[in-house]
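Everything below belongs to structure-v8.cif, which stores mmCIF, C-alpha atoms.
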data_work
#
loop_
_atom_site.label_atom_id
_atom_site.label_comp_id
_atom_site.auth_asym_id
_atom_site.auth_seq_id
_atom_site.Cartn_x
_atom_site.Cartn_y
_atom_site.Cartn_z
CA MET Z 219 129.05 91.93 117.75
CA ARG Z 220 129.81 88.63 119.42
CA ASP Z 221 133.28 88.36 117.87
CA ASP Z 222 134.12 92.04 118.39
CA ILE Z 223 134.56 92.69 114.66
CA GLY Z 224 135.39 96.31 113.93
CA LEU Z 225 132.11 97.36 112.36
CA PRO Z 226 131.12 101.05 112.22
CA LYS Z 227 129.52 102.26 115.44
CA LEU Z 228 126.35 103.39 113.65
CA LEU Z 229 125.86 99.89 112.25
CA LEU Z 230 126.41 98.34 115.67
CA ASP Z 231 123.96 100.82 117.22
CA PHE Z 232 121.36 99.91 114.61
CA ALA Z 233 121.90 96.18 115.17
CA ASN Z 234 121.55 96.66 118.91
CA SER Z 235 118.36 98.72 118.49
CA PHE Z 236 116.90 96.05 116.20
CA SER Z 237 117.79 93.36 118.72
CA LEU Z 238 115.87 95.23 121.41
CA SER Z 239 112.94 96.12 119.14
CA ARG Z 240 112.24 92.56 118.04
CA LYS Z 241 111.52 91.64 121.66
CA GLU Z 242 108.59 94.07 121.55
CA VAL Z 243 107.63 93.47 117.91
CA SER Z 244 107.60 89.69 117.67
CA GLU Z 245 105.27 89.71 114.64
CA LEU Z 246 104.94 92.19 111.80
CA ASN Z 247 102.98 91.97 108.57
CA ILE Z 248 104.82 93.51 105.61
CA PRO Z 249 102.08 93.73 102.97
CA PHE Z 250 104.12 95.26 100.17
CA LEU Z 251 106.52 92.29 100.30
CA ASN Z 252 103.67 89.84 100.94
CA VAL Z 253 105.49 88.37 103.95
CA LYS Z 254 105.21 88.27 107.72
CA TYR Z 255 108.11 88.72 110.13
CA LEU Z 256 108.28 86.42 113.16
CA HIS Z 257 110.65 86.48 116.13
CA ILE Z 258 110.68 83.06 117.79
CA ASN Z 259 113.05 81.91 120.52
CA GLY Z 260 115.64 84.55 119.72
CA ARG Z 261 115.64 83.85 115.98
CA ASP Z 262 114.22 85.81 113.04
CA PHE Z 263 111.90 84.19 110.52
CA ILE Z 264 109.92 85.19 107.46
CA LYS Z 265 106.58 83.55 106.66
CA ILE Z 266 105.63 83.49 102.99
CA PRO Z 267 102.27 82.32 101.59
CA GLU Z 268 103.84 79.60 99.43
CA ARG Z 269 105.37 77.72 102.39
CA GLU Z 270 103.86 76.33 105.53
CA GLU Z 271 107.16 76.43 107.40
CA PRO Z 272 108.76 79.88 107.78
CA LEU Z 273 112.19 80.65 106.39
CA MET Z 274 115.01 82.02 108.46
CA LEU Z 275 115.48 85.70 107.67
CA LEU Z 276 119.05 85.06 106.49
CA GLU Z 277 117.70 82.57 103.91
CA THR Z 278 115.40 85.08 102.22
CA ALA Z 279 115.92 87.45 99.30
CA SER Z 280 118.32 90.35 99.80
CA GLY Z 281 115.50 92.92 99.66
CA ILE Z 282 113.66 91.23 102.52
CA GLN Z 283 116.87 90.93 104.53
CA SER Z 284 117.65 94.60 103.96
CA VAL Z 285 114.32 96.12 104.85
CA THR Z 286 112.87 93.84 107.55
CA PRO Z 287 115.13 94.96 110.45
CA LEU Z 288 114.43 98.58 109.49
CA LEU Z 289 110.66 98.03 109.52
CA VAL Z 290 110.72 96.19 112.84
CA LEU Z 291 112.73 99.00 114.42
CA LEU Z 292 110.47 101.70 112.95
CA GLU Z 293 107.37 99.87 114.15
CA HIS Z 294 108.78 99.83 117.66
CA LEU Z 295 109.85 103.48 117.61
CA SER Z 296 106.58 104.66 116.06
CA ARG Z 297 104.70 103.38 119.10
CA ASN Z 298 106.44 106.04 121.19
CA THR Z 299 104.05 108.98 120.95
CA GLU Z 300 105.27 110.83 124.01
CA GLN Z 301 108.09 112.74 122.34
CA ALA Z 302 109.03 113.92 118.85
CA GLN Z 303 111.53 111.81 116.96
CA SER Z 304 113.79 112.44 113.97
CA PHE Z 305 114.28 109.59 111.50
CA ILE Z 306 117.21 109.63 109.06
CA ILE Z 307 117.23 106.76 106.57
CA GLU Z 308 119.92 106.23 103.96
CA GLU Z 309 118.98 104.74 100.60
CA PRO Z 310 115.99 102.64 101.71
CA GLU Z 311 115.49 101.50 98.12
CA LEU Z 312 118.45 99.08 98.12
CA ASN Z 313 117.64 95.62 96.70
CA LEU Z 314 113.95 96.45 96.21
CA TYR Z 315 111.79 96.25 93.08
CA PRO Z 316 110.34 99.63 91.95
CA THR Z 317 106.83 98.94 93.26
CA ALA Z 318 108.28 97.82 96.60
CA GLN Z 319 110.31 101.04 96.72
CA ARG Z 320 107.11 103.04 96.27
CA ASP Z 321 105.27 101.14 98.97
CA LEU Z 322 108.23 101.40 101.33
CA VAL Z 323 108.13 105.20 100.93
CA TYR Z 324 104.45 105.17 101.92
CA TRP Z 325 105.27 102.98 104.92
CA LEU Z 326 107.94 105.46 106.00
CA LEU Z 327 105.55 108.38 105.62
CA ASP Z 328 102.99 106.56 107.73
CA LYS Z 329 105.37 105.52 110.52
CA CYS Z 330 107.82 108.43 110.65
CA THR Z 331 105.85 111.63 110.08
CA GLN Z 332 103.15 111.45 112.71
CA GLY Z 333 102.71 114.38 115.09
CA GLU Z 334 105.91 116.41 115.40
CA ASN Z 335 108.14 113.65 114.01
CA ASP Z 336 110.30 114.37 110.97
CA LEU Z 337 111.82 112.16 108.31
CA THR Z 338 114.97 112.61 106.21
CA ILE Z 339 115.73 110.26 103.31
CA THR Z 340 118.83 110.11 101.13
CA THR Z 341 118.29 108.34 97.83
CA HIS Z 342 119.52 107.73 94.30
CA SER Z 343 116.19 106.27 93.21
CA PRO Z 344 113.82 108.09 90.83
CA TYR Z 345 111.07 105.77 92.08
CA VAL Z 346 111.45 107.09 95.62
CA LEU Z 347 111.25 110.66 94.30
CA SER Z 348 108.22 109.82 92.17
CA ALA Z 349 106.43 108.27 95.15
CA LEU Z 350 107.07 111.42 97.19
CA ASN Z 351 105.84 113.54 94.29
CA LEU Z 352 102.59 111.56 94.16
CA ALA Z 353 102.11 112.05 97.90
CA LEU Z 354 102.61 115.80 97.43
CA TYR Z 355 100.29 115.97 94.44
CA ALA Z 356 97.56 113.97 96.16
CA GLY Z 357 97.58 116.40 99.07
CA LYS Z 358 97.53 119.36 96.69
CA VAL Z 359 94.61 118.09 94.58
CA ALA Z 360 92.56 117.24 97.68
CA THR Z 361 93.19 120.73 99.10
CA LEU Z 362 92.34 122.60 95.90
CA PHE Z 363 89.33 120.45 95.07
CA PRO Z 364 87.77 119.23 98.34
CA HIS Z 365 84.86 117.59 96.49
CA GLN Z 366 87.41 115.12 95.02
CA HIS Z 367 88.73 114.13 98.44
CA LYS Z 368 87.38 110.56 98.42
CA LYS Z 369 88.51 109.88 94.86
CA VAL Z 370 92.00 111.13 95.62
CA ALA Z 371 92.10 108.93 98.73
CA LYS Z 372 91.27 105.88 96.62
CA LEU Z 373 94.39 106.53 94.53
CA ILE Z 374 96.70 107.57 97.39
CA PRO Z 375 95.42 106.92 100.94
CA GLU Z 376 95.15 110.12 102.96
CA LYS Z 377 97.67 109.01 105.61
CA TYR Z 378 100.39 109.27 102.96
CA TRP Z 379 99.57 112.80 101.74
CA LEU Z 380 102.23 115.46 102.12
CA LYS Z 381 101.90 119.23 102.50
CA ALA Z 382 104.22 121.42 100.47
CA GLU Z 383 105.00 123.59 103.50
CA ASP Z 384 106.26 120.53 105.38
CA PHE Z 385 108.49 119.27 102.57
CA SER Z 386 111.86 120.09 101.04
CA ALA Z 387 114.23 118.30 98.68
CA TYR Z 388 117.80 118.95 97.59
CA PHE Z 389 120.23 117.67 94.99
CA VAL Z 390 123.80 117.19 96.19
CA ALA Z 391 126.59 117.24 93.60
CA GLY Z 392 129.97 118.79 92.90
CA GLY Z 393 130.42 119.95 96.45
CA GLY Z 394 127.20 121.95 96.40
CA VAL Z 395 123.52 121.65 97.27
CA LYS Z 396 120.53 123.01 95.35
CA SER Z 397 116.82 122.78 95.92
CA ILE Z 398 114.82 120.59 93.52
CA PHE Z 399 111.48 121.56 95.04
CA ASP Z 400 109.38 123.94 92.95
CA THR Z 401 107.60 126.27 95.37
CA LYS Z 402 105.24 127.44 92.60
CA THR Z 403 103.86 124.00 91.80
CA GLY Z 404 104.47 122.47 95.24
CA LEU Z 405 106.12 119.51 93.55
CA LEU Z 406 109.57 118.19 92.76
CA SER Z 407 111.18 119.58 89.63
CA GLU Z 408 110.44 117.22 86.76
CA SER Z 409 113.92 117.63 85.30
CA GLN Z 410 115.40 116.16 88.48
CA LEU Z 411 113.11 113.14 88.83
CA ASP Z 412 115.05 110.96 86.44
CA GLU Z 413 117.59 112.78 84.32
CA VAL Z 414 119.25 109.52 83.28
CA SER Z 415 116.01 108.12 81.85
CA GLY Z 416 115.56 111.36 79.92
CA GLU Z 417 119.06 110.99 78.51
CA PHE Z 418 118.39 107.37 77.59
CA ALA Z 419 115.13 108.37 75.87
CA ASP Z 420 116.95 111.07 73.90
CA ILE Z 421 119.58 108.61 72.68
CA PHE Z 422 116.82 106.11 71.83
CA ASP Z 423 115.07 108.77 69.71
CA ARG Z 424 118.31 109.60 67.95
CA LEU Z 425 118.92 105.95 67.18
CA THR Z 426 115.38 105.70 65.82
CA ASP Z 427 116.09 108.67 63.55
CA LEU Z 428 119.06 106.76 62.16
CA ARG Z 429 116.86 103.87 61.01
CA VAL Z 430 116.91 105.07 57.42
CA PRO Z 431 117.83 102.74 54.56
CA GLU Z 432 121.07 103.63 52.88
CA LYS Z 433 120.60 105.67 49.73
CA LYS Z 434 122.44 103.99 46.93
CA THR Z 435 124.11 106.21 44.33
CA PRO Z 436 122.69 105.34 40.90
CA ALA Z 437 125.26 103.65 38.69
CA LYS Z 438 126.63 105.77 35.89
CA PRO Z 439 125.76 104.48 32.41
CA LYS Z 440 128.67 102.87 30.59
CA LEU Z 441 129.38 104.02 27.07
CA ALA Z 442 130.17 101.29 24.59
CA LYS Z 443 133.44 101.75 22.71
CA LYS Z 444 133.61 101.14 18.99
#

Please express the file's structure as structure tokens.
Amino acid sequence: MRDDIGLPKLLLDFANSFSLSRKEVSELNIPFLNVKYLHINGRDFIKIPEREEPLMLLETASGIQSVTPLLVLLEHLSRNTEQAQSFIIEEPELNLYPTAQRDLVYWLLDKCTQGENDLTITTHSPYVLSALNLALYAGKVATLFPHQHKKVAKLIPEKYWLKAEDFSAYFVAGGGVKSIFDTKTGLLSESQLDEVSGEFADIFDRLTDLRVPEKKTPAKPKLAKK
């Protein structure tokens, strides 16, 4: 921004919004990364338990660098409860370990779906889809079996539960769009959760079937000549 480099406008807008947000959110605990964000004297730092001195944000792992500005901005925006907001987040899973992807999804559900707010996520990650499926299923089980409410909440906290009527999901490919949400079950279609893993598993099974010792053809008896 300082050197007037021709970055996309959306990226510049995000950077500007983050720059404004960190003035209001000078500290932010990020439990699923086990770090704390700090904004001190115009600079961004990350405090980790293993070090007494904080690291500069740009010195941390790529996953922390990717997600921290997003979380700071969302924390700031989520404090605005006066009007409905629409959040559109592209591939939030980038550079994150599977469990961190799951916990990031729950963070997004908590911060971006309150009141009349709505959240749109684009993703290639089966872990993101699985986390959303768990949030849907938790809400479904608690609704169908109210006496299990507390036990369900121990597995998936209630603030992350999703209602089927508030949710939709689509698969985009080949110039077309199709729904991957099963209205009968109120869940994502299993076949779409991780087709690649299913293909890998099928090939693995086929390779296992090929682990058969070679059958040797018995040698033909030789006749002695007189």

| said: Under the PyMOL selection byres ((chain Z and resi 263) around 7), which residues of this model are included? Write them out as a list of chain:residue names. | reply: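 On the file shown, the PyMOL selection byres ((chain Z and resi 263) around 7) covers Z:Tyr255, Z:Leu256, Z:His257, Z:Arg261, Z:Asp262, Z:Ile264, Z:Lys265, Z:Pro272, Z:Leu273, Z:Met274, Z:Leu275.
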
| message | Expand the PyMOL selection byres ((chain Z and resi 397) around 10) into the explicit residue set it covers here, and present it as a VMD selection string. | response | chain Z and resid 386 to 390 395 to 396 398 to 401 406 to 407

Residue subset to file, keeping C-alpha atoms, as a CSV table (one decimal), in the frame of the given file:
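Listed below is the output, part08.csv:
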chain,number,residue,atom,x,y,z
Z,386,SER,CA,111.9,120.1,101.0
Z,387,ALA,CA,114.2,118.3,98.7
Z,388,TYR,CA,117.8,119.0,97.6
Z,389,PHE,CA,120.2,117.7,95.0
Z,390,VAL,CA,123.8,117.2,96.2
Z,395,VAL,CA,123.5,121.6,97.3
Z,396,LYS,CA,120.5,123.0,95.4
Z,398,ILE,CA,114.8,120.6,93.5
Z,399,PHE,CA,111.5,121.6,95.0
Z,400,ASP,CA,109.4,123.9,93.0
Z,401,THR,CA,107.6,126.3,95.4
Z,406,LEU,CA,109.6,118.2,92.8
Z,407,SER,CA,111.2,119.6,89.6

Since I can't run it myself right now, could you work out what the PyMOL selection byres ((chain Z and resi 322) around 9) selects here and report it as a CSV table (one decimal) with C-alpha atoms, in the frame of the given file?
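Writing the result to result.csv gives the following:
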chain,number,residue,atom,x,y,z
Z,250,PHE,CA,104.1,95.3,100.2
Z,285,VAL,CA,114.3,96.1,104.8
Z,310,PRO,CA,116.0,102.6,101.7
Z,311,GLU,CA,115.5,101.5,98.1
Z,317,THR,CA,106.8,98.9,93.3
Z,318,ALA,CA,108.3,97.8,96.6
Z,319,GLN,CA,110.3,101.0,96.7
Z,320,ARG,CA,107.1,103.0,96.3
Z,321,ASP,CA,105.3,101.1,99.0
Z,323,VAL,CA,108.1,105.2,100.9
Z,324,TYR,CA,104.4,105.2,101.9
Z,325,TRP,CA,105.3,103.0,104.9
Z,326,LEU,CA,107.9,105.5,106.0
Z,327,LEU,CA,105.6,108.4,105.6
Z,346,VAL,CA,111.4,107.1,95.6

| So how many Å separate atom CA of Thr338 of chain Z and atom CA of Ile223 of chain Z, to one decimal? |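 Answer for the atom CA of Thr338 of chain Z to atom CA of Ile223 of chain Z separation: 29.2 Å.
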
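The spacing separating atom CA of Ile248 of chain Z from atom CA of Ala371 of chain Z amounts to 21.1 Å.
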
| request: Considering all atoms listed in the file, return as a PyMOL selection string whatever protein or nucleic-acid residues lie within 12 Å of Asp336 of chain Z, sequence-local ones (same chain, fewer than 3 positions apart) excluded. | output: chain Z and resi 296+301-307+326-333+339+384-386

File dump, residues just selected, C-alpha atoms, as a PDB file, keeping the file's coordinate frame:
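Ended up saving to result-v7.pdb:
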ATOM      1  CA  SER Z 296     106.580 104.660 116.060  1.00  0.00           C
ATOM      2  CA  GLN Z 301     108.090 112.740 122.340  1.00  0.00           C
ATOM      3  CA  ALA Z 302     109.030 113.920 118.850  1.00  0.00           C
ATOM      4  CA  GLN Z 303     111.530 111.810 116.960  1.00  0.00           C
ATOM      5  CA  SER Z 304     113.790 112.440 113.970  1.00  0.00           C
ATOM      6  CA  PHE Z 305     114.280 109.590 111.500  1.00  0.00           C
ATOM      7  CA  ILE Z 306     117.210 109.630 109.060  1.00  0.00           C
ATOM      8  CA  ILE Z 307     117.230 106.760 106.570  1.00  0.00           C
ATOM      9  CA  LEU Z 326     107.940 105.460 106.000  1.00  0.00           C
ATOM     10  CA  LEU Z 327     105.550 108.380 105.620  1.00  0.00           C
ATOM     11  CA  ASP Z 328     102.990 106.560 107.730  1.00  0.00           C
ATOM     12  CA  LYS Z 329     105.370 105.520 110.520  1.00  0.00           C
ATOM     13  CA  CYS Z 330     107.820 108.430 110.650  1.00  0.00           C
ATOM     14  CA  THR Z 331     105.850 111.630 110.080  1.00  0.00           C
ATOM     15  CA  GLN Z 332     103.150 111.450 112.710  1.00  0.00           C
ATOM     16  CA  GLY Z 333     102.710 114.380 115.090  1.00  0.00           C
ATOM     17  CA  ILE Z 339     115.730 110.260 103.310  1.00  0.00           C
ATOM     18  CA  ASP Z 384     106.260 120.530 105.380  1.00  0.00           C
ATOM     19  CA  PHE Z 385     108.490 119.270 102.570  1.00  0.00           C
ATOM     20  CA  SER Z 386     111.860 120.090 101.040  1.00  0.00           C
TER      21      SER Z 386
END

| Within 10 Å of Lys358 of chain Z using all atoms listed in the file, minus same-chain residues under 2 positions, as a ChimeraX atom specification | /Z:352-356,360-364,370,379-382,403-405

| When you draw a straight line from atom CA of Val359 of chain Z to atom CA of Glu309 of chain Z, how long is it in Å? |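 Going from atom CA of Val359 of chain Z over to atom CA of Glu309 of chain Z covers 28.4 Å.
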
Please produce segment 297-310 of chain Z, completed to N, CA and C atoms, as an mmCIF file, keeping the file's coordinate frame.
data_model
loop_
_atom_site.group_PDB
_atom_site.id
_atom_site.type_symbol
_atom_site.label_atom_id
_atom_site.label_comp_id
_atom_site.auth_asym_id
_atom_site.auth_seq_id
_atom_site.Cartn_x
_atom_site.Cartn_y
_atom_site.Cartn_z
ATOM 1 N N ARG Z 297 105.656 103.549 118.006
ATOM 2 C CA ARG Z 297 104.700 103.380 119.100
ATOM 3 C C ARG Z 297 104.957 104.369 120.243
ATOM 4 N N ASN Z 298 106.109 105.024 120.188
ATOM 5 C CA ASN Z 298 106.440 106.040 121.190
ATOM 6 C C ASN Z 298 105.836 107.370 120.739
ATOM 7 N N THR Z 299 104.735 107.746 121.331
ATOM 8 C CA THR Z 299 104.050 108.980 120.950
ATOM 9 C C THR Z 299 104.236 110.095 121.969
ATOM 10 N N GLU Z 300 105.094 109.854 122.940
ATOM 11 C CA GLU Z 300 105.270 110.830 124.010
ATOM 12 C C GLU Z 300 106.229 111.953 123.652
ATOM 13 N N GLN Z 301 107.137 111.697 122.721
ATOM 14 C CA GLN Z 301 108.090 112.740 122.340
ATOM 15 C C GLN Z 301 108.357 112.686 120.845
ATOM 16 N N ALA Z 302 108.727 113.840 120.283
ATOM 17 C CA ALA Z 302 109.030 113.920 118.850
ATOM 18 C C ALA Z 302 110.323 113.169 118.548
ATOM 19 N N GLN Z 303 110.361 112.566 117.375
ATOM 20 C CA GLN Z 303 111.530 111.810 116.960
ATOM 21 C C GLN Z 303 111.948 112.228 115.553
ATOM 22 N N SER Z 304 113.241 112.164 115.301
ATOM 23 C CA SER Z 304 113.790 112.440 113.970
ATOM 24 C C SER Z 304 114.315 111.144 113.374
ATOM 25 N N PHE Z 305 113.854 110.804 112.183
ATOM 26 C CA PHE Z 305 114.280 109.590 111.500
ATOM 27 C C PHE Z 305 115.130 109.977 110.297
ATOM 28 N N ILE Z 306 116.322 109.399 110.198
ATOM 29 C CA ILE Z 306 117.210 109.630 109.060
ATOM 30 C C ILE Z 306 117.527 108.268 108.452
ATOM 31 N N ILE Z 307 117.113 108.069 107.206
ATOM 32 C CA ILE Z 307 117.230 106.760 106.570
ATOM 33 C C ILE Z 307 117.992 106.911 105.253
ATOM 34 N N GLU Z 308 119.058 106.137 105.126
ATOM 35 C CA GLU Z 308 119.920 106.230 103.960
ATOM 36 C C GLU Z 308 119.572 105.166 102.929
ATOM 37 N N GLU Z 309 119.235 105.607 101.744
ATOM 38 C CA GLU Z 309 118.980 104.740 100.600
ATOM 39 C C GLU Z 309 118.106 103.525 100.947
ATOM 40 N N PRO Z 310 116.876 103.760 101.350
ATOM 41 C CA PRO Z 310 115.990 102.640 101.710
ATOM 42 C C PRO Z 310 115.633 101.758 100.533
#
